[in-house]
Each structure stands twice: as C-alpha cells, then as structure tokens.
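K.L.:
One structure, as structure tokens, below. Some questions next.
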Amino acid sequence: MPIAMDITLVSYFLGVATIFLFYTWRILNWLWFKPKKIEKFLKDQGLKGTPYRFLYGDLKEITQMMNEAKSKPMNLSHDIAPRVSPFFYKSFTTLGKSCFTWMETKPVVHISEPSMIREILTNYNKYQKARGVNPITKLLLRGLIDVEGDQWVKHRKIINPAFHVEKLKHMIPAFYASCNEMIHKWEKVLSQQSKCEVDVWPYLQTFSSDVISRTAFGSSFEEGRKIFELQREQAGLVVKVVNSVYIPGSRFLPTKINKRIKEIGQHVRGLIKNIINKRIVAMKGGEPSHDDLLGILLDSNYKEINQHGNNNSGLSIEEVIEECKLFYFAGQETTGNMLVWTMILLAQDTEWQTRARDEVLSVFGAKNPDIDGLSNLRVMNNIFNEVLRLYPPLAILRRLVHNETKLGNLTLPAGTLIQINTLILHHDKDTWGEDANKFKPERFYEGVAKVTKGQAVYLPFGGGPRICIGQNFALLEAKMALAMILQRFYFYLSPSYSHAPHAMPTLQPQFGAQLILHTL
C-alpha cells in the first residue's frame, strides 16, 4: 500500500508539475519569447524599431511623454505633432517613416507609404479595425465603426439612407435652430458691450451635441442631451483606462472607474432603448416615420427585413442602440472639433476670416443660410480642408491583421497592429512642401485630388470603403454654423488663449478656446 500510494503521489505531483510548466511556458512565450521573435523577424526585413520591453512594450514611455507634453501649453504654431503624438513623432524622427513600436506585447508597424496606405484602407476584410488592446473600449463605441465583413456590409446598407443628401436637406432647420441658440447666448454676453472674451469651446460642444440630439431623436431632444453628457463622461474614463497597462480580465475588477464606465453604459442604453421603443410603438400604430436619423434608420431597417422576410437580414434592437450611440459620439466630436479649430485659425489669420465673411455676405447677405448657398461656398470649403489637414479629428488610424499578411515589400506576422499616423502624415514636408505647418487654404483651390496627386495622404475622415459615413453631415453642419457666426461676429485670439491641442480621444483644445468676440 505505501508503495502504491507513493507512486500515486509521484504521478500526481508530476502531473501538476507538467501542467505548471506548460502554462509557465505559454505565459513566458506570450510575454517574452514570441515578441522577441517577432522583433527579429521585422528587423530582418530592414525595419527599424524600438526594443521590446517585458509586458509594457512602449506604453510607459508613451504615457510619460504624453503626460509631460500635456503639462504645459505650446508656442502658437501649427507644428502640433510633437505635442499631440510625442512618442510617435520621436519614433519617426529617430527610426524613419516606416518603423515599428510596441503596444504592450503587440508589434505596431507604422506605415507612411501612400500606396500601402491605400491598400490597407481599400482591403477592409484583410486589414480590420483595431479597437485597441483593452476590450473595455467596446463599451464606448461599437456599431458600424466596430463590425467587420458581412456584418459591416449589412449595417452600412441599412444606415446609408440616413446620410443621403436628400435626407440631409431636411436637417437644415435643426442645424439652424441649434446654432441660433448658441449665437443668442453670445449676443446676450455682448449685450452691454461691443466686444468681450468668450471661451467658445464649451458653446461649440453644446451646439454640436444639440444638433445630434435634434437630428437623431427629433422630439426627444432633452433626453438626447442627457445621453450626450453621459457619453462625454464615459469617453474621459475610457481614455484613462486605455492609457494604463491592460491585464487580461481587469475589466471585470470592481474598480471605481470600471464600475462607473459600466454604469454609464447601462444608463445610456436604457435611455436610447426607451426612445426606440416609443418610436416602434408609434410606427406600429400607423404614425408616419420621422425624418430624423432614428426614424430613417428604423424605416430602412423595417424595409430590409420585409424585403427578405427574415429578421436576421435587419438590425436587432441592440444593434440599433449601438448605432444611435455612435451617432452621438462621432457626430458631436467631429463637428465640434472642426469648428473650434476653424475659429482659432481664423482668429489668428484675420485676412482669411474677412475673405470667408465677404463670401458668406455676398451669397446670403443677412438671410438665413440655405443648402444651395452652403454648397457654393468655395472659400469656406478650402478653409475647412486646410483646418482638417492641420487638425484632423483623429491623430492615428489603426488596423489589425489576423493572419500573416504581405503588404508591399513587408511580411506582417499575425496579430500585428498597423498604424497610419494621420496627423504626422498631414504635416509631412515631403508631401505638402516646406510650408506644411502653415495655414494656407489656397493650397486646396484646385481640389483635394490635385494637391495630393491622387495619393492616400489626406485622411481627415479615413479612406476606402470604410470612410466616415457622416462626413457630409458634419461638413454641412459646420458650414451652417460658421456662416451664421461670420454674419454676426468678428473675432480674434484673446491674450489668455493657451495653445494646447491634445487627443481626448479626438483632437481638442486642452485649455479651451478664448476669443475676443465683436458684434458686427
């Protein structure tokens, strides 16, 4: 018996030891051996890169350099990449335009060659959206921006009607009403004087969120406002989490931030679901569909299901909720940011501000802007193109390859993150000339295709089939707002303005946008 027991114990301990060694090897392979092997593989292809550091990769240095950059404002210059993307800017400077860095244990290959960028953005099935290492980001943005393959095709087809030019015409009154409210607030501030300092950034945020509330949910405008406030808070918390090392399973830990992110997610989902349920009940009761984004989306979804006689051919209620959340976040961020940087740049360059105002007054006079007139504002088009070049909404675009992939002369291992540094690309002197960091709207006089020579080097809304579906919506809204502002105000930078662009996650003025407003 003792001998049999000894054998059993030995077998047991050997089994435990084998399992322990197996998992120890897997963990070590994941954290060290595999990344080091990939590092050598990439270097053997002629790519320069940062050395892999255990577990963290470059995250510590990225965070440290970002915090240092954000600790103080910069000089009044459009050469903003060293502040917004300090680590990646340094990497490009020291390693070259095509190089690799590390996002924890994953290699990040930086691509700057226009032909490769076009291939990445065109082949959306091969190069899929990378939501980041930490899966908690999915609580913030899902929907069309997140789905892949056939799911993306289905979502895009159903959502497309909401952004058709004919539908956008019906949203002009909502653009006007929201902008009019903002202008009345500014006029009230200026009622006792002809000029006054105003931080226009919070007003523009409120304006763009009000537009989304009105155009997305129509009569449920006030509920929409609450959704936006919650999503803004959630975005700030998600950015904090993303800038720390991700430990698998950490999103399930009951930390204060995790709990609040999930709590907001549930609250927003509940608010949107209530609005959708009311709308569905009204539609079933025979009410005509609304011309707001939700109404068009539900109508398009209903037609798709009826056409195929199958609920699976349409979007589920959960998917509709995610698309509504995406309307809110992407719509507000894009237009609000574009407008604030446009006002800051025109406040610096008052000659271009005068040109834009003269054009608006020649087309509309004191009348309310209409869609036909807005479509013919050539000077304003050039200004927005240049603003979006210098201050694109997103500083980077990321894609992920799931299988070993050939890209140009590179072979990329499975699991590689591909990064297109939009901000740095937009400021590249080899593409744009020695004046790449200057505000020169005239460079776009002959159109985007002419100045870029048809290359994929200008990507304010992304590119390829997955280009931002809401770009026409955002540009039309921004034109309406700027036209109405120019009709009523002259503005220049306040001495208290501190130039501090930062990614949060979109490009925003860290310390506000203090301008001196004059009534005309």
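In the structure tokens, chains take the letters A, B, ... in the order shown, each chain's residues start at 1, and ligands count up from 1 in the order shown.
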Show me, as a Markdown table, the residues of segment 473-495 of chain A having an atom within 9 Å of segment 192-201 of chain A, each with the closest atom pair and its distance in Å, using only C-alpha atoms.
P.N.:
| residue | atom | partner | partner_atom | distance |
| --- | --- | --- | --- | --- |
| A:Phe491 | CA | A:Lys195 | CA | 8.9 |
| A:Leu493 | CA | A:Glu197 | CA | 8.9 |
| A:Ser494 | CA | A:Glu197 | CA | 6.7 |
K.L.:
Those same residues - C-alpha atoms - I'd like them written as a PDB file, in the first residue's frame.
P.N.:
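Here's the written file selection-v1.pdb:
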ATOM      1  CA  PHE A 491     -13.228  87.548 -33.658  1.00  0.00           C
ATOM      2  CA  LEU A 493      -7.449  85.418 -30.238  1.00  0.00           C
ATOM      3  CA  SER A 494      -7.593  86.559 -26.631  1.00  0.00           C
TER       4      SER A 494
END
K.L.:
At a cut-off of 10 Å, using only C-alpha atoms, what residues contact segment 354-359 of chain A? Leave out same-chain residues fewer than 4 positions from it and give the result as a list in words.
P.N.:
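What passes the distance filter is Leu346, Asp349, Thr350, Val363, Phe364, Gly365, Asn376, Leu377, Arg378, Val379, Met380, Asn381, Asn382, Ile383, Leu482, Ala483, Met484, Ile485, Leu486, Gln487, Arg488, Phe489 and Tyr490 of chain A.
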K.L.:
What does the file look like for those residues with N, CA and C atoms, as a compact mmCIF listing (two decimals), in the first residue's frame?
P.N.:
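Final output, saved to part-v1.txt:
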# COMPACT_ATOMS: atom_id res chain seq x y z
N LEU A 346 -8.96 81.08 -37.82
CA LEU A 346 -9.44 82.33 -38.42
C LEU A 346 -9.25 83.51 -37.46
N ASP A 349 -5.65 84.30 -38.29
CA ASP A 349 -5.47 84.82 -39.64
C ASP A 349 -6.74 85.59 -40.03
N THR A 350 -6.78 86.85 -39.63
CA THR A 350 -7.99 87.65 -39.83
C THR A 350 -8.22 87.98 -41.31
N VAL A 363 -23.20 85.77 -50.69
CA VAL A 363 -24.14 84.69 -51.05
C VAL A 363 -25.47 84.85 -50.31
N PHE A 364 -25.41 85.19 -49.00
CA PHE A 364 -26.64 85.19 -48.19
C PHE A 364 -27.07 86.58 -47.71
N GLY A 365 -26.14 87.54 -47.66
CA GLY A 365 -26.47 88.82 -47.03
C GLY A 365 -26.82 88.57 -45.57
N ASN A 376 -22.12 76.23 -52.30
CA ASN A 376 -21.32 77.04 -53.23
C ASN A 376 -20.29 77.93 -52.53
N LEU A 377 -20.02 77.66 -51.26
CA LEU A 377 -19.04 78.47 -50.52
C LEU A 377 -17.64 77.91 -50.74
N ARG A 378 -16.99 78.36 -51.81
CA ARG A 378 -15.70 77.80 -52.19
C ARG A 378 -14.60 78.16 -51.20
N VAL A 379 -14.57 79.42 -50.78
CA VAL A 379 -13.54 79.85 -49.82
C VAL A 379 -13.67 79.05 -48.52
N MET A 380 -14.90 78.88 -48.04
CA MET A 380 -15.12 78.12 -46.82
C MET A 380 -14.69 76.66 -46.99
N ASN A 381 -14.97 76.08 -48.16
CA ASN A 381 -14.52 74.70 -48.43
C ASN A 381 -13.02 74.58 -48.27
N ASN A 382 -12.29 75.53 -48.87
CA ASN A 382 -10.83 75.49 -48.79
C ASN A 382 -10.34 75.64 -47.36
N ILE A 383 -11.01 76.51 -46.61
CA ILE A 383 -10.64 76.72 -45.19
C ILE A 383 -10.84 75.43 -44.40
N LEU A 482 -20.61 78.10 -39.21
CA LEU A 482 -19.61 79.13 -39.49
C LEU A 482 -20.22 80.30 -40.27
N ALA A 483 -21.12 80.00 -41.22
CA ALA A 483 -21.77 81.07 -41.97
C ALA A 483 -22.55 81.99 -41.04
N MET A 484 -23.31 81.41 -40.11
CA MET A 484 -24.11 82.22 -39.19
C MET A 484 -23.22 83.01 -38.23
N ILE A 485 -22.12 82.44 -37.81
CA ILE A 485 -21.18 83.15 -36.92
C ILE A 485 -20.56 84.33 -37.65
N LEU A 486 -20.12 84.11 -38.90
CA LEU A 486 -19.46 85.17 -39.67
C LEU A 486 -20.43 86.30 -40.02
N GLN A 487 -21.73 85.98 -40.13
CA GLN A 487 -22.73 87.02 -40.40
C GLN A 487 -22.88 87.99 -39.24
N ARG A 488 -22.52 87.55 -38.04
CA ARG A 488 -22.82 88.34 -36.84
C ARG A 488 -21.59 88.80 -36.04
N PHE A 489 -20.46 88.09 -36.19
CA PHE A 489 -19.31 88.40 -35.32
C PHE A 489 -18.00 88.50 -36.10
N TYR A 490 -17.13 89.33 -35.53
CA TYR A 490 -15.72 89.36 -35.91
C TYR A 490 -14.97 88.87 -34.67
K.L.:
Find the nearest atom pair between each residue of segment 257-357 of chain A and segment 394-417 of chain A for residues within 12 Å, count only C-alpha atoms, give distances in Å to one decimal, sort rows by chain and ascending number, and present the table as JSON lines.
P.N.:
{"residue": "A:Ala330", "atom": "CA", "partner": "A:Leu394", "partner_atom": "CA", "distance": 10.9}
{"residue": "A:Glu333", "atom": "CA", "partner": "A:Leu394", "partner_atom": "CA", "distance": 10.0}
{"residue": "A:Thr334", "atom": "CA", "partner": "A:Leu394", "partner_atom": "CA", "distance": 9.0}
{"residue": "A:Asn337", "atom": "CA", "partner": "A:Leu394", "partner_atom": "CA", "distance": 10.2}
{"residue": "A:Met338", "atom": "CA", "partner": "A:Leu394", "partner_atom": "CA", "distance": 11.1}
K.L.:
Using C-alpha atoms, can you export the residues from the last selection as a PDB file, in the first residue's frame?
P.N.:
ATOM      1  CA  ALA A 330     -18.860  60.567 -33.621  1.00  0.00           C
ATOM      2  CA  GLU A 333     -16.845  65.045 -31.701  1.00  0.00           C
ATOM      3  CA  THR A 334     -16.176  65.585 -35.405  1.00  0.00           C
ATOM      4  CA  ASN A 337     -13.643  69.862 -33.063  1.00  0.00           C
ATOM      5  CA  MET A 338     -13.647  71.050 -36.675  1.00  0.00           C
TER       6      MET A 338
END
K.L.:
Run DSSP on the backbone and give me the residues of segment 190-295 of chain A it puts in alpha helix (DSSP H), as a PyMOL selection string.
P.N.:
chain A and resi 200-217+221-242+256-284+293-295
K.L.:
Have a look at A:Asp299, A:Asp291, A:Glu446, A:Glu319 and name the one nearest to Leu168 of chain A; count only C-alpha atoms.
P.N.:
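Of A:Asp299, A:Asp291, A:Glu446, A:Glu319, the one nearest Leu168 of chain A is A:Asp291, counting only C-alpha atoms.
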K.L.:
Given the choices A:Ser112, A:Ile264, A:Tyr56, A:Tyr492, which gets closest to Asp428 of chain A if the distance is worked out from only C-alpha atoms?
P.N.:
A:Ser112
K.L.:
Using only C-alpha atoms, determine which residues lie at most 8 Å from segment 267-277 of chain A, disregarding the query and same-chain residues fewer than 4 positions distant; provide the list as a PyMOL selection string.
P.N.:
chain A and resi 217+220+223+227+230-231+263+281+294+317+321+324
K.L.:
One decimal, Å: what's the distance from atom CA of Ile111 of chain A over to atom CA of Pro460 of chain A, could you say?
P.N.:
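Atom-to-atom, atom CA of Ile111 of chain A and atom CA of Pro460 of chain A are spaced 16.4 Å apart.
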K.L.:
Which residues are close to Met103 of chain A, i.e. within 9 Å by only C-alpha atoms, leaving aside same-chain residues fewer than 5 positions away? Reply as a PyMOL selection string.
P.N.:
chain A and resi 56-59+108+133+417
K.L.:
Those residues with C-alpha atoms, as a short mmCIF file (atom, residue, chain, number, x, y, z; two decimals), in the first residue's frame please?
P.N.:
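Below you can see part_9.cif, which holds the result:
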data_model
loop_
_atom_site.label_atom_id
_atom_site.label_comp_id
_atom_site.auth_asym_id
_atom_site.auth_seq_id
_atom_site.Cartn_x
_atom_site.Cartn_y
_atom_site.Cartn_z
CA TYR A 56 4.66 47.02 -21.14
CA GLY A 57 6.27 47.42 -24.55
CA ASP A 58 6.47 51.20 -25.12
CA LEU A 59 3.40 52.03 -23.03
CA VAL A 108 2.78 48.24 -34.10
CA VAL A 133 -5.79 46.24 -26.63
CA LEU A 417 -1.23 46.27 -35.40
#
K.L.:
Excluding Asp79 of chain A and its own-chain neighbours fewer than 3 positions away, which residues fall within 12 Å of it when counting only C-alpha atoms? Please give them as a ChimeraX atom specification.
P.N.:
/A:74-76,82-86,89,389-391,423-424,426-429,434-439,499-501
K.L.:
Write the residues you've just listed into a file as a tab-separated table (two decimals), in the first residue's frame, and include C-alpha atoms for each of them.
P.N.:
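The result, written out as part-v9.tsv:
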chain	number	residue	atom	x	y	z
A	74	MET	CA	2.98	75.04	-26.65
A	75	ASN	CA	4.02	78.01	-28.78
A	76	LEU	CA	1.37	79.40	-31.10
A	82	PRO	CA	5.39	66.81	-31.10
A	83	ARG	CA	2.73	67.72	-28.51
A	84	VAL	CA	-0.19	65.55	-29.65
A	85	SER	CA	1.80	62.42	-30.57
A	86	PRO	CA	5.20	62.96	-28.88
A	89	TYR	CA	6.83	61.79	-33.60
A	389	ARG	CA	-5.32	68.82	-42.67
A	390	LEU	CA	-3.63	70.68	-39.81
A	391	TYR	CA	-6.03	69.49	-37.07
A	423	LEU	CA	-1.58	63.89	-38.03
A	424	ILE	CA	2.09	63.35	-38.90
A	426	HIS	CA	-0.84	65.66	-42.85
A	427	HIS	CA	2.23	67.67	-41.74
A	428	ASP	CA	4.81	65.82	-43.85
A	429	LYS	CA	7.00	68.33	-45.71
A	434	GLU	CA	8.22	73.41	-46.65
A	435	ASP	CA	5.09	75.34	-45.67
A	436	ALA	CA	3.37	72.14	-44.40
A	437	ASN	CA	2.91	73.68	-40.93
A	438	LYS	CA	1.43	76.91	-42.30
A	439	PHE	CA	-2.29	77.69	-42.58
A	499	HIS	CA	-2.41	76.77	-27.49
A	500	ALA	CA	-2.64	73.15	-26.32
A	501	PRO	CA	-4.06	70.61	-28.80
K.L.:
As a ChimeraX atom specification, please: the residues near Ser208 of chain A (cut-off 8 Å, only C-alpha atoms, same-chain neighbours under 4 positions excluded).
P.N.:
/A:178,204,212,331-333,335-336
K.L.:
Using C-alpha atoms, can you write the selected residues to a file as a short mmCIF file (atom, residue, chain, number, x, y, z; two decimals), in the first residue's frame?
P.N.:
data_model
loop_
_atom_site.label_atom_id
_atom_site.label_comp_id
_atom_site.auth_asym_id
_atom_site.auth_seq_id
_atom_site.Cartn_x
_atom_site.Cartn_y
_atom_site.Cartn_z
CA SER A 178 -29.13 74.83 -32.60
CA LEU A 204 -19.48 74.68 -29.74
CA ILE A 212 -27.19 65.43 -32.86
CA GLY A 331 -21.26 63.30 -34.74
CA GLN A 332 -20.60 65.61 -31.83
CA GLU A 333 -16.84 65.05 -31.70
CA THR A 335 -18.15 68.79 -35.93
CA GLY A 336 -17.37 70.39 -32.58
#
K.L.:
Compare A:Arg53, A:Ala503, A:Glu323, A:Met182 by their minimum atom-to-atom distance to Asn67 of chain A, counting only C-alpha atoms, and give me the closest one.
P.N.:
A:Ala503
K.L.:
At what distance in Å, to one decimal, does atom CA of Ser115 of chain A lie from atom CA of Val147 of chain A?
P.N.:
25.1 Å
